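A.B. asks: To be precise about what I am sending: the file is called run.cif and holds mmCIF, C-alpha atoms.
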```cif
data_model
#
loop_
_atom_site.label_atom_id
_atom_site.label_comp_id
_atom_site.auth_asym_id
_atom_site.auth_seq_id
_atom_site.Cartn_x
_atom_site.Cartn_y
_atom_site.Cartn_z
CA MET A 152 106.51 84.37 137.65
CA LYS A 153 104.43 84.21 140.83
CA LEU A 154 100.89 85.38 141.60
CA ARG A 155 100.47 87.57 144.70
CA VAL A 156 96.92 88.28 145.86
CA TYR A 157 95.93 91.15 148.15
CA ARG A 158 92.58 91.74 149.78
CA ALA A 159 90.89 95.14 149.99
CA ILE A 160 89.51 96.10 153.38
CA TRP A 161 86.78 98.13 151.66
CA GLY A 162 83.45 96.69 152.72
CA VAL A 163 85.13 94.35 155.20
CA VAL A 164 85.47 96.37 158.42
CA PRO A 165 82.84 98.67 159.98
CA GLU A 166 84.82 101.83 159.15
CA THR A 167 84.76 100.97 155.41
CA ASP A 168 81.02 100.20 155.11
CA GLY A 169 81.42 96.61 156.26
CA VAL A 170 78.10 96.74 158.11
CA ARG A 171 76.18 97.75 154.98
CA ALA A 172 77.96 95.04 153.03
CA GLY A 173 77.01 92.38 155.58
CA SER A 174 80.63 91.63 156.41
CA PRO A 175 81.12 88.87 159.00
CA PHE A 176 83.79 90.96 160.79
CA THR A 177 83.25 93.51 163.54
CA THR A 178 86.90 94.52 163.93
CA ALA A 179 89.94 94.96 161.73
CA GLU A 180 91.85 92.53 163.95
CA LYS A 181 89.41 89.71 163.20
CA ALA A 182 89.31 90.56 159.49
CA LEU A 183 93.08 90.61 159.05
CA ALA A 184 93.45 87.32 160.90
CA GLU A 185 90.97 85.63 158.54
CA ILE A 186 92.52 87.24 155.44
CA SER A 187 95.85 85.80 156.53
CA ARG A 188 94.36 82.36 157.28
CA LEU A 189 92.81 82.22 153.80
CA GLY A 190 96.27 82.66 152.26
CA TYR A 191 96.31 86.25 151.02
CA ASP A 192 99.70 87.91 150.65
CA GLY A 193 98.54 91.25 151.99
CA ILE A 194 95.83 93.87 152.19
CA GLU A 195 95.02 97.03 150.28
CA ALA A 196 93.82 100.01 152.28
CA PRO A 197 93.51 103.80 152.13
CA LEU A 198 96.44 105.49 153.86
CA LYS A 199 93.98 107.65 155.80
CA PHE A 200 92.42 104.53 157.34
CA THR A 201 95.74 103.69 158.99
CA LEU A 202 96.02 107.20 160.45
CA MET A 203 92.62 106.76 162.06
CA TYR A 204 93.42 103.22 163.19
CA GLY A 205 96.84 104.19 164.54
CA PRO A 206 100.05 103.65 162.54
CA GLU A 207 101.89 101.61 165.17
CA ARG A 208 98.85 99.50 165.91
CA PHE A 209 98.40 98.90 162.18
CA LYS A 210 102.03 97.84 161.79
CA ARG A 211 101.63 95.35 164.65
CA GLU A 212 98.56 93.77 163.01
CA LEU A 213 100.36 93.42 159.68
CA GLU A 214 103.36 91.81 161.35
CA LYS A 215 101.25 89.52 163.53
CA ASN A 216 99.36 88.22 160.50
CA ASN A 217 102.36 88.17 158.12
CA LEU A 218 100.62 90.50 155.67
CA LYS A 219 102.06 93.07 153.29
CA VAL A 220 100.25 96.29 152.38
CA ILE A 221 99.35 98.31 149.31
CA PHE A 222 98.17 101.84 150.04
CA GLN A 223 95.55 103.81 148.18
CA ILE A 224 96.01 107.59 148.12
CA TYR A 225 93.89 110.36 146.62
CA THR A 226 94.91 113.76 145.32
CA ASP A 227 91.61 115.30 146.40
CA GLY A 228 88.36 114.45 148.16
CA PRO A 229 87.33 113.34 151.67
CA VAL A 230 89.81 110.44 151.87
CA VAL A 231 92.75 112.87 151.76
CA PRO A 232 94.34 113.00 155.26
CA GLY A 233 94.20 116.80 155.22
CA ALA A 234 90.40 116.74 154.83
CA ALA A 235 87.72 116.22 157.45
CA GLY A 236 85.16 113.47 156.92
CA VAL A 237 85.87 109.87 156.01
CA PHE A 238 88.14 108.23 158.63
CA GLY A 239 88.24 111.45 160.66
CA GLY A 240 90.78 114.20 160.09
CA PRO A 241 92.12 116.56 159.16
CA PHE A 242 95.35 114.95 160.38
CA PRO A 243 98.30 117.16 161.28
CA GLY A 244 101.05 117.57 158.71
CA PHE A 245 98.75 117.12 155.70
CA THR A 246 97.52 119.78 153.29
CA LYS A 247 93.85 120.55 152.86
CA PRO A 248 92.79 119.39 149.36
CA SER A 249 91.37 121.69 146.70
CA GLU A 250 87.74 122.75 147.05
CA PRO A 251 85.18 122.10 144.31
CA GLY A 252 84.78 125.14 142.11
CA GLU A 253 88.43 126.23 142.26
CA SER A 254 89.19 128.16 139.05
CA ASP A 255 92.95 128.72 139.31
CA LYS A 256 94.41 125.93 137.18
CA GLN A 257 97.97 126.36 138.40
CA ASN A 258 96.86 126.36 142.03
CA LEU A 259 94.90 123.16 141.40
CA VAL A 260 97.95 121.41 139.96
CA GLU A 261 100.17 122.61 142.81
CA THR A 262 97.72 121.47 145.48
CA HIS A 263 97.13 118.07 143.91
CA LEU A 264 100.88 117.56 143.62
CA LYS A 265 101.53 118.59 147.22
CA VAL A 266 98.74 116.34 148.54
CA PHE A 267 100.12 113.49 146.42
CA LYS A 268 103.70 113.84 147.70
CA GLU A 269 102.69 114.10 151.36
CA GLN A 270 100.79 110.82 151.24
CA VAL A 271 103.43 108.92 149.28
CA GLU A 272 106.06 110.00 151.80
CA ALA A 273 103.84 109.13 154.78
CA ALA A 274 103.19 105.65 153.37
CA GLN A 275 106.88 104.74 153.37
CA GLN A 276 106.98 104.07 157.12
CA PHE A 277 104.97 100.90 156.41
CA ASN A 278 107.35 99.64 153.70
CA PRO A 279 104.44 99.20 151.26
CA THR A 280 104.55 96.91 148.25
CA LEU A 281 103.43 99.95 146.27
CA VAL A 282 101.28 103.06 146.46
CA ASN A 283 98.19 103.28 144.25
CA SER A 284 97.27 106.87 143.43
CA HIS A 285 93.86 108.18 142.38
CA SER A 286 95.37 111.11 140.50
CA LEU A 287 93.71 114.40 139.47
CA LYS A 288 90.14 114.86 138.23
CA ASP A 289 88.44 113.81 135.03
CA TYR A 290 87.65 117.40 134.05
CA PHE A 291 91.26 118.65 134.22
CA THR A 292 92.76 119.79 130.94
CA GLU A 293 95.47 117.79 129.23
CA GLU A 294 97.89 120.62 129.93
CA MET A 295 97.17 120.43 133.66
CA ALA A 296 97.55 116.65 133.65
CA SER A 297 100.78 116.85 131.67
CA GLU A 298 102.32 119.21 134.21
CA PHE A 299 101.22 117.04 137.12
CA PHE A 300 102.48 113.77 135.68
CA THR A 301 105.74 115.29 134.42
CA ARG A 302 106.56 116.49 137.92
CA ALA A 303 105.06 113.59 139.87
CA LEU A 304 106.78 110.86 137.83
CA ALA A 305 110.15 112.62 137.99
CA TRP A 306 109.80 113.06 141.76
CA GLN A 307 108.78 109.46 142.50
CA GLU A 308 111.66 108.19 140.37
CA GLU A 309 114.13 110.52 142.09
CA GLN A 310 112.91 109.40 145.52
CA GLY A 311 112.79 105.71 144.62
CA PHE A 312 109.11 105.38 145.51
CA ARG A 313 106.97 102.78 143.72
CA VAL A 314 103.78 104.61 142.79
CA LEU A 315 101.18 103.51 140.25
CA HIS A 316 98.24 105.53 138.93
CA GLU A 317 94.79 104.00 138.67
CA THR A 318 92.36 103.95 135.75
CA HIS A 319 89.46 105.14 137.87
CA ARG A 320 86.30 107.07 137.11
CA LYS A 321 86.44 110.69 138.29
CA ARG A 322 90.24 110.69 137.84
CA PHE A 323 92.20 111.85 134.81
CA LEU A 324 92.74 108.30 133.52
CA HIS A 325 89.02 107.55 133.82
CA SER A 326 88.53 106.82 130.13
CA PRO A 327 90.25 104.42 127.73
CA TRP A 328 89.90 107.05 125.02
CA VAL A 329 91.69 109.68 127.13
CA ALA A 330 94.40 107.18 128.10
CA ARG A 331 94.85 106.11 124.46
CA GLY A 332 96.42 109.43 123.53
CA PHE A 333 97.84 110.52 126.89
CA VAL A 334 99.66 107.52 128.35
CA PRO A 335 102.15 107.09 125.46
CA LYS A 336 103.51 110.58 126.19
CA PHE A 337 104.82 109.33 129.55
CA PRO A 338 107.00 106.21 129.20
CA ASP A 339 107.48 105.98 132.97
CA LEU A 340 103.77 106.08 133.77
CA LYS A 341 102.77 102.72 135.29
CA LEU A 342 99.16 101.80 135.94
CA VAL A 343 96.76 100.08 138.28
CA ALA A 344 94.14 98.68 135.91
CA ASP A 345 90.58 98.77 137.15
CA LEU A 346 88.89 97.90 133.90
CA SER A 347 85.42 97.94 135.45
CA HIS A 348 85.60 101.72 135.06
CA TRP A 349 86.67 101.66 131.44
CA ILE A 350 83.90 99.28 130.36
CA ASN A 351 81.41 101.53 132.14
CA ILE A 352 82.79 104.75 130.63
CA ALA A 353 82.84 103.18 127.16
CA GLU A 354 79.28 101.86 127.73
CA THR A 355 80.07 98.58 126.04
CA ASN A 356 80.71 94.90 126.73
CA THR A 357 83.78 92.69 127.00
CA ILE A 358 83.79 91.65 123.35
CA ASP A 359 84.24 95.22 122.13
CA PRO A 360 87.33 95.15 119.86
CA ASP A 361 88.14 98.86 120.22
CA LEU A 362 88.17 98.78 124.02
CA THR A 363 90.09 95.51 124.01
CA ALA A 364 92.68 97.01 121.65
CA VAL A 365 93.37 99.86 124.10
CA ILE A 366 93.61 97.46 127.04
CA GLU A 367 96.02 95.19 125.20
CA LYS A 368 98.09 98.17 124.05
CA PHE A 369 98.69 99.24 127.64
CA ALA A 370 98.92 95.77 129.22
CA SER A 371 102.66 96.14 129.68
CA ARG A 372 102.12 99.37 131.65
CA VAL A 373 99.92 97.62 134.21
CA LYS A 374 101.72 96.50 137.39
CA HIS A 375 98.68 95.84 139.57
CA VAL A 376 95.08 94.86 138.81
CA HIS A 377 91.88 95.62 140.66
CA CYS A 378 89.69 92.66 139.80
CA ARG A 379 86.19 94.04 139.80
CA VAL A 380 83.70 93.13 137.09
CA GLY A 381 81.95 96.07 135.50
CA TYR A 382 79.43 96.29 132.69
CA ASP A 383 77.91 98.68 130.16
CA HIS A 384 75.91 100.67 132.68
CA GLY A 385 77.84 100.39 135.93
CA PRO A 386 81.23 99.68 137.51
CA GLN A 387 80.08 96.54 139.35
CA VAL A 388 77.78 93.75 138.22
CA PRO A 389 75.26 92.56 140.83
CA ASP A 390 76.91 89.13 141.14
CA PRO A 391 79.61 87.90 138.72
CA ARG A 392 78.89 84.28 139.68
CA LEU A 393 75.39 84.25 138.22
CA GLY A 394 73.52 84.42 134.91
CA GLN A 395 74.56 86.91 132.27
CA TRP A 396 77.17 88.39 134.63
CA LEU A 397 79.30 85.26 134.43
CA GLU A 398 80.04 86.18 130.81
CA TYR A 399 81.24 89.60 131.94
CA MET A 400 83.51 87.89 134.46
CA GLU A 401 85.00 85.73 131.71
CA GLY A 402 85.48 88.79 129.53
CA HIS A 403 87.35 90.62 132.28
CA GLU A 404 89.42 87.50 132.81
CA ARG A 405 90.52 87.63 129.18
CA TRP A 406 91.70 91.21 129.74
CA TRP A 407 93.45 90.25 132.98
CA ASP A 408 95.12 87.32 131.18
CA THR A 409 96.55 89.78 128.65
CA ILE A 410 98.16 91.74 131.49
CA TRP A 411 99.76 88.55 132.84
CA LYS A 412 101.08 87.66 129.40
CA ALA A 413 102.65 91.09 129.04
CA ALA A 414 104.28 90.73 132.47
CA GLU A 415 105.70 87.34 131.50
CA MET A 416 107.16 88.80 128.30
CA GLN A 417 108.80 91.56 130.34
CA GLY A 418 110.39 89.01 132.66
CA GLU A 419 108.46 90.09 135.76
CA SER A 420 109.05 87.92 138.82
CA GLU A 421 105.52 88.41 140.15
CA VAL A 422 102.13 89.85 139.29
CA LEU A 423 99.75 91.50 141.74
CA MET A 424 95.97 91.61 142.02
CA THR A 425 93.27 92.68 144.45
CA PRO A 426 89.66 91.47 144.04
CA GLU A 427 87.70 94.65 144.71
CA HIS A 428 83.94 94.32 144.57
CA GLY A 429 82.72 97.06 146.88
CA PRO A 430 79.93 97.58 149.40
CA PRO A 431 76.70 99.49 148.74
CA ASN A 432 76.25 101.73 146.86
CA TYR A 433 78.70 100.00 144.51
CA GLN A 434 76.91 96.78 145.33
CA ILE A 435 73.32 96.84 144.10
CA CYS A 436 70.71 96.30 146.84
CA ASP A 437 67.12 95.12 146.91
CA PRO A 438 65.02 98.32 146.75
CA ILE A 439 62.52 96.88 149.24
CA ASP A 440 64.76 95.92 152.16
CA ASP A 441 68.05 97.58 151.10
CA LYS A 442 69.92 94.28 151.46
CA PRO A 443 72.87 93.63 149.10
CA LEU A 444 72.02 91.28 146.23
CA ALA A 445 75.32 89.46 146.76
CA ASP A 446 77.77 88.94 149.61
CA ILE A 447 80.91 90.77 148.50
CA TRP A 448 83.05 88.93 151.06
CA ASP A 449 82.27 85.73 149.13
CA VAL A 450 82.30 87.38 145.69
CA ASN A 451 85.81 88.73 146.19
CA HIS A 452 87.12 85.43 147.49
CA TRP A 453 85.57 83.61 144.54
CA ILE A 454 87.26 85.99 142.09
CA ALA A 455 90.58 85.42 143.86
CA LEU A 456 90.15 81.64 143.75
CA ARG A 457 89.19 81.69 140.07
CA ARG A 458 92.27 83.76 139.22
CA GLN A 459 94.43 81.43 141.29
CA GLU A 460 93.15 78.49 139.26
CA ARG A 461 93.64 80.35 135.99
CA PHE A 462 97.22 81.28 136.89
CA ALA A 463 97.99 77.65 137.74
CA GLU A 464 96.58 76.62 134.35
CA LEU A 465 98.71 79.15 132.48
CA TYR A 466 101.92 79.27 134.52
CA GLY A 467 101.98 76.16 136.72
CA LYS A 468 100.47 75.22 140.05
CA GLU A 469 103.81 75.73 141.78
CA ASN A 470 103.74 79.43 140.82
CA THR A 471 100.21 80.36 141.74
CA SER A 472 98.97 81.87 145.00
CA ARG A 473 98.19 79.84 148.13
CA LEU A 474 94.55 80.68 148.79
CA VAL A 475 92.18 78.15 150.32
CA PRO A 476 88.39 78.08 150.12
CA SER A 477 86.53 79.78 152.96
CA THR A 478 83.69 78.20 154.92
CA THR A 479 81.20 79.96 152.63
CA GLN A 480 82.92 80.18 149.22
CA GLY A 481 84.82 77.72 147.07
CA TYR A 482 86.04 77.59 143.46
CA GLU A 483 82.64 77.21 141.82
CA PRO A 484 81.11 78.23 139.52
CA VAL A 485 83.96 77.50 137.13
CA THR A 486 84.82 80.04 134.42
CA ASN A 487 86.18 79.52 130.91
CA PRO A 488 87.53 82.83 129.63
CA GLY A 489 89.14 81.54 126.42
CA GLU A 490 91.33 83.59 124.09
CA SER A 491 91.37 87.33 123.45
CA VAL A 492 88.60 88.57 121.14
CA LEU A 493 91.41 90.03 119.01
CA SER A 494 93.08 86.67 118.51
CA GLY A 495 93.77 86.16 114.82
CA LEU A 496 92.75 89.70 113.88
CA ASP A 497 94.96 92.45 112.45
CA ASN A 498 94.69 96.24 112.51
CA VAL A 499 91.86 96.55 115.03
CA GLY A 500 91.02 100.09 116.08
CA PHE A 501 93.43 103.01 115.84
CA CYS A 502 95.56 102.90 118.96
#
```
As a first step, turn the structure in this file into structure tokens.
C.D. replies:
Amino acid sequence: MKLRVYRAIWGVVPETDGVRAGSPFTTAEKALAEISRLGYDGIEAPLKFTLMYGPERFKRELEKNNLKVIFQIYTDGPVVPGAAGVFGGPFPGFTKPSEPGESDKQNLVETHLKVFKEQVEAAQQFNPTLVNSHSLKDYFTEEMASEFFTRALAWQEEQGFRVLHETHRKRFLHSPWVARGFVPKFPDLKLVADLSHWINIAETNTIDPDLTAVIEKFASRVKHVHCRVGYDHGPQVPDPRLGQWLEYMEGHERWWDTIWKAAEMQGESEVLMTPEHGPPNYQICDPIDDKPLADIWDVNHWIALRRQERFAELYGKENTSRLVPSTTQGYEPVTNPGESVLSGLDNVGFC
């Protein structure tokens, strides 16, 4: 089993709040060249970004830098290609997403499904590793979600498209307690795990046995991980390298380890991850000068290096990723995640 590491362009280029994040890159060309030099396998980006950037131009940059791509899509909101706003638009050939306040439940499901399909189909021209969908809204009923996922999963299977659905706030799978009862109803539902959202929604810490039980229950469903460190009261700690936040990093690492172990048991040939600490306002800033309290370019590379080291420890150096330290960030501080908090315990929670 091999480790493949992707790098999010969020907070890296000017169009994705790179300036606010203090990114060292002024163009996507420079950013992708450095991402490649550091040893990443690919990048993760919103599909709409590539439409703004230019699909053919984007393909050339990927090829030039020997990078693969994972696309993020959204079933509503300003990052939908059929909407105006973020990254321009609306782009021709894409449906306008639902408006806030829509009361027709069936129309909402139909629109979300149409917006979903259009983006998945459009992504295929890039031969993506996978498509990561932010699906539905957190306030949708279970009946609405059931109809969407029944139809979406059948369609993506029929078409042969690899689509995962993320555990993200604002989306239907925002909560571990919602997922606990819903996910088992759909055996073909595969996940992108961003556990920073679940720890925030549960308003707890990484030693919580009930949250850990849900995460471990669904570890085998997870085929990609967004490695961001959340905490009780937010989806992103100020700096996971420092102070009390280092413990939260180690706790998330224990959860991420569980996902790797499940993949190994399933005979997976590779596991995927993207370190995804985001720019302000995800990143907390000094209220006086509005400067980020940490450099997310370095934070994300540190997380990637730590996971590379952990994978080598668990599965062999010959199987881990090929990242190298940057000029500003190395492997330290070292983390020691240890074993699952459920190790040696029986009948925890009621999954």
A.B. asks: Which residues of segment 356-419 of chain A come within 12 Å of segment 155-170 of chain A, and what is each one's closest atom pair and distance in Å (one decimal), counting only C-alpha atoms, sorted by chain and residue number, as CSV?
C.D. replies:
```
residue,atom,partner,partner_atom,distance
A:Lys374,CA,A:Arg155,CA,11.6
A:His375,CA,A:Arg155,CA,9.9
A:Val376,CA,A:Val156,CA,9.8
A:His377,CA,A:Ala159,CA,9.4
A:Cys378,CA,A:Val156,CA,10.4
A:Arg379,CA,A:Ala159,CA,11.3
A:Trp411,CA,A:Arg155,CA,11.9
```
A.B. asks: Rank nothing, just name the residue among A:Asp289, A:Glu272, A:Glu185, A:Glu398 nearest to His325 of chain A, using all atoms listed in the file.
C.D. replies: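 Of all the options, A:Asp289 lies closest to His325 of chain A.
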A.B. asks: Apply the PyMOL selection byres ((chain A and resi 201) around 12) to the displayed file and report the matching residues as a PDB file with C-alpha atoms, in the frame of the given file.
C.D. replies:
```pdb
ATOM      1  CA  ILE A 160      89.510  96.100 153.380  1.00  0.00           C
ATOM      2  CA  GLU A 166      84.820 101.830 159.150  1.00  0.00           C
ATOM      3  CA  THR A 167      84.760 100.970 155.410  1.00  0.00           C
ATOM      4  CA  ALA A 179      89.940  94.960 161.730  1.00  0.00           C
ATOM      5  CA  ILE A 194      95.830  93.870 152.190  1.00  0.00           C
ATOM      6  CA  GLU A 195      95.020  97.030 150.280  1.00  0.00           C
ATOM      7  CA  ALA A 196      93.820 100.010 152.280  1.00  0.00           C
ATOM      8  CA  PRO A 197      93.510 103.800 152.130  1.00  0.00           C
ATOM      9  CA  LEU A 198      96.440 105.490 153.860  1.00  0.00           C
ATOM     10  CA  LYS A 199      93.980 107.650 155.800  1.00  0.00           C
ATOM     11  CA  PHE A 200      92.420 104.530 157.340  1.00  0.00           C
ATOM     12  CA  LEU A 202      96.020 107.200 160.450  1.00  0.00           C
ATOM     13  CA  MET A 203      92.620 106.760 162.060  1.00  0.00           C
ATOM     14  CA  TYR A 204      93.420 103.220 163.190  1.00  0.00           C
ATOM     15  CA  GLY A 205      96.840 104.190 164.540  1.00  0.00           C
ATOM     16  CA  PRO A 206     100.050 103.650 162.540  1.00  0.00           C
ATOM     17  CA  GLU A 207     101.890 101.610 165.170  1.00  0.00           C
ATOM     18  CA  ARG A 208      98.850  99.500 165.910  1.00  0.00           C
ATOM     19  CA  PHE A 209      98.400  98.900 162.180  1.00  0.00           C
ATOM     20  CA  LYS A 210     102.030  97.840 161.790  1.00  0.00           C
ATOM     21  CA  ARG A 211     101.630  95.350 164.650  1.00  0.00           C
ATOM     22  CA  GLU A 212      98.560  93.770 163.010  1.00  0.00           C
ATOM     23  CA  LEU A 213     100.360  93.420 159.680  1.00  0.00           C
ATOM     24  CA  VAL A 220     100.250  96.290 152.380  1.00  0.00           C
ATOM     25  CA  ILE A 221      99.350  98.310 149.310  1.00  0.00           C
ATOM     26  CA  PHE A 222      98.170 101.840 150.040  1.00  0.00           C
ATOM     27  CA  GLN A 223      95.550 103.810 148.180  1.00  0.00           C
ATOM     28  CA  ILE A 224      96.010 107.590 148.120  1.00  0.00           C
ATOM     29  CA  VAL A 230      89.810 110.440 151.870  1.00  0.00           C
ATOM     30  CA  PRO A 232      94.340 113.000 155.260  1.00  0.00           C
ATOM     31  CA  PHE A 238      88.140 108.230 158.630  1.00  0.00           C
ATOM     32  CA  GLY A 239      88.240 111.450 160.660  1.00  0.00           C
ATOM     33  CA  GLY A 240      90.780 114.200 160.090  1.00  0.00           C
ATOM     34  CA  PHE A 242      95.350 114.950 160.380  1.00  0.00           C
ATOM     35  CA  GLN A 270     100.790 110.820 151.240  1.00  0.00           C
ATOM     36  CA  ALA A 273     103.840 109.130 154.780  1.00  0.00           C
ATOM     37  CA  ALA A 274     103.190 105.650 153.370  1.00  0.00           C
ATOM     38  CA  GLN A 276     106.980 104.070 157.120  1.00  0.00           C
ATOM     39  CA  PHE A 277     104.970 100.900 156.410  1.00  0.00           C
TER      40      PHE A 277
END
```
A.B. asks: Distance atom CA of Ser477 of chain A-atom CA of Gln459 of chain A, one decimal place?
C.D. replies: 14.2 Å
A.B. asks: Could you list the residues chosen by the PyMOL selection byres ((chain A and resi 359) around 12) in this structure as JSON, numbers by chain?
C.D. replies: {"A": [349, 350, 353, 354, 355, 356, 357, 358, 360, 361, 362, 363, 364, 365, 366, 382, 383, 399, 402, 403, 406, 491, 492, 493, 499, 500]}
A.B. asks: Ranking A:Glu261, A:Gln434, A:Phe337, A:Glu421 by minimum distance to Val380 of chain A and counting only C-alpha atoms, which one comes first?
C.D. replies: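 Closest to Val380 of chain A of all the choices is A:Gln434.
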A.B. asks: Tell me which residues the PyMOL selection byres ((chain A and resi 457) around 9) grabs here, as a PDB file with C-alpha atoms, keeping the file's coordinate frame.
C.D. replies:
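See selection.pdb below for the written result:
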```
ATOM      1  CA  HIS A 452      87.120  85.430 147.490  1.00  0.00           C
ATOM      2  CA  TRP A 453      85.570  83.610 144.540  1.00  0.00           C
ATOM      3  CA  ILE A 454      87.260  85.990 142.090  1.00  0.00           C
ATOM      4  CA  ALA A 455      90.580  85.420 143.860  1.00  0.00           C
ATOM      5  CA  LEU A 456      90.150  81.640 143.750  1.00  0.00           C
ATOM      6  CA  ARG A 458      92.270  83.760 139.220  1.00  0.00           C
ATOM      7  CA  GLN A 459      94.430  81.430 141.290  1.00  0.00           C
ATOM      8  CA  GLU A 460      93.150  78.490 139.260  1.00  0.00           C
ATOM      9  CA  ARG A 461      93.640  80.350 135.990  1.00  0.00           C
ATOM     10  CA  PHE A 462      97.220  81.280 136.890  1.00  0.00           C
ATOM     11  CA  TYR A 482      86.040  77.590 143.460  1.00  0.00           C
ATOM     12  CA  GLU A 483      82.640  77.210 141.820  1.00  0.00           C
ATOM     13  CA  PRO A 484      81.110  78.230 139.520  1.00  0.00           C
ATOM     14  CA  VAL A 485      83.960  77.500 137.130  1.00  0.00           C
ATOM     15  CA  THR A 486      84.820  80.040 134.420  1.00  0.00           C
TER      16      THR A 486
END
```
A.B. asks: Could you give me the centre and size, in Å to one decimal, of an axis-aligned box around all listed atoms of segment 364-377 of chain A with 8 Å added on every side, as lines of an AutoDock Vina configuration file?
C.D. replies:
```
center_x = 97.3
center_y = 97.4
center_z = 131.2
size_x = 26.8
size_y = 21.0
size_z = 35.0
```
A.B. asks: Between atom CA of Pro389 of chain A and atom CA of Pro175 of chain A, what distance in Å does the model show, to one decimal?
C.D. replies: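 Rounded to one decimal, the two atoms are 19.4 Å apart.
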A.B. asks: Residues of segment 152-232 of chain A that approach segment 248-252 of chain A to 9 Å or less, counting only C-alpha atoms: could you list each one with the shortest pair of atoms and its distance in Å to one decimal, rows by chain and increasing residue number, as a Markdown table?
C.D. replies:
```
| residue | atom | partner | partner_atom | distance |
| --- | --- | --- | --- | --- |
| A:Thr226 | CA | A:Pro248 | CA | 7.2 |
| A:Asp227 | CA | A:Pro248 | CA | 5.2 |
| A:Gly228 | CA | A:Pro248 | CA | 6.7 |
| A:Pro229 | CA | A:Pro248 | CA | 8.5 |
| A:Val231 | CA | A:Pro248 | CA | 6.9 |
| A:Pro232 | CA | A:Pro248 | CA | 8.8 |
```
A.B. asks: I need the residue nearest Ser472 of chain A from this list: A:Ala184, A:Val450, A:Leu423, A:Leu259. Use only C-alpha atoms for the distance.
C.D. replies: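 Result for the nearest residue to Ser472 of chain A: A:Leu423.
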A.B. asks: What does the structure give for the distance between atom CA of Glu419 of chain A and atom CA of Gln310 of chain A, in Å to one decimal?
C.D. replies: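 These atoms are spaced 22.1 Å apart.
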A.B. asks: Could you give me, as number ranges by chain, the residues within 12 Å of Arg313 of chain A, counting all atoms listed in the file and dropping anything in the same chain fewer than 3 positions from it?
C.D. replies: A: 221-222, 271-272, 274-275, 278-284, 303-310, 316, 339-343, 374-375
A.B. asks: Lys288 of chain A: which residues within 7 Å, counting only C-alpha atoms, same-chain residues fewer than 5 positions away excluded, as a count of residues only?
C.D. replies: 3
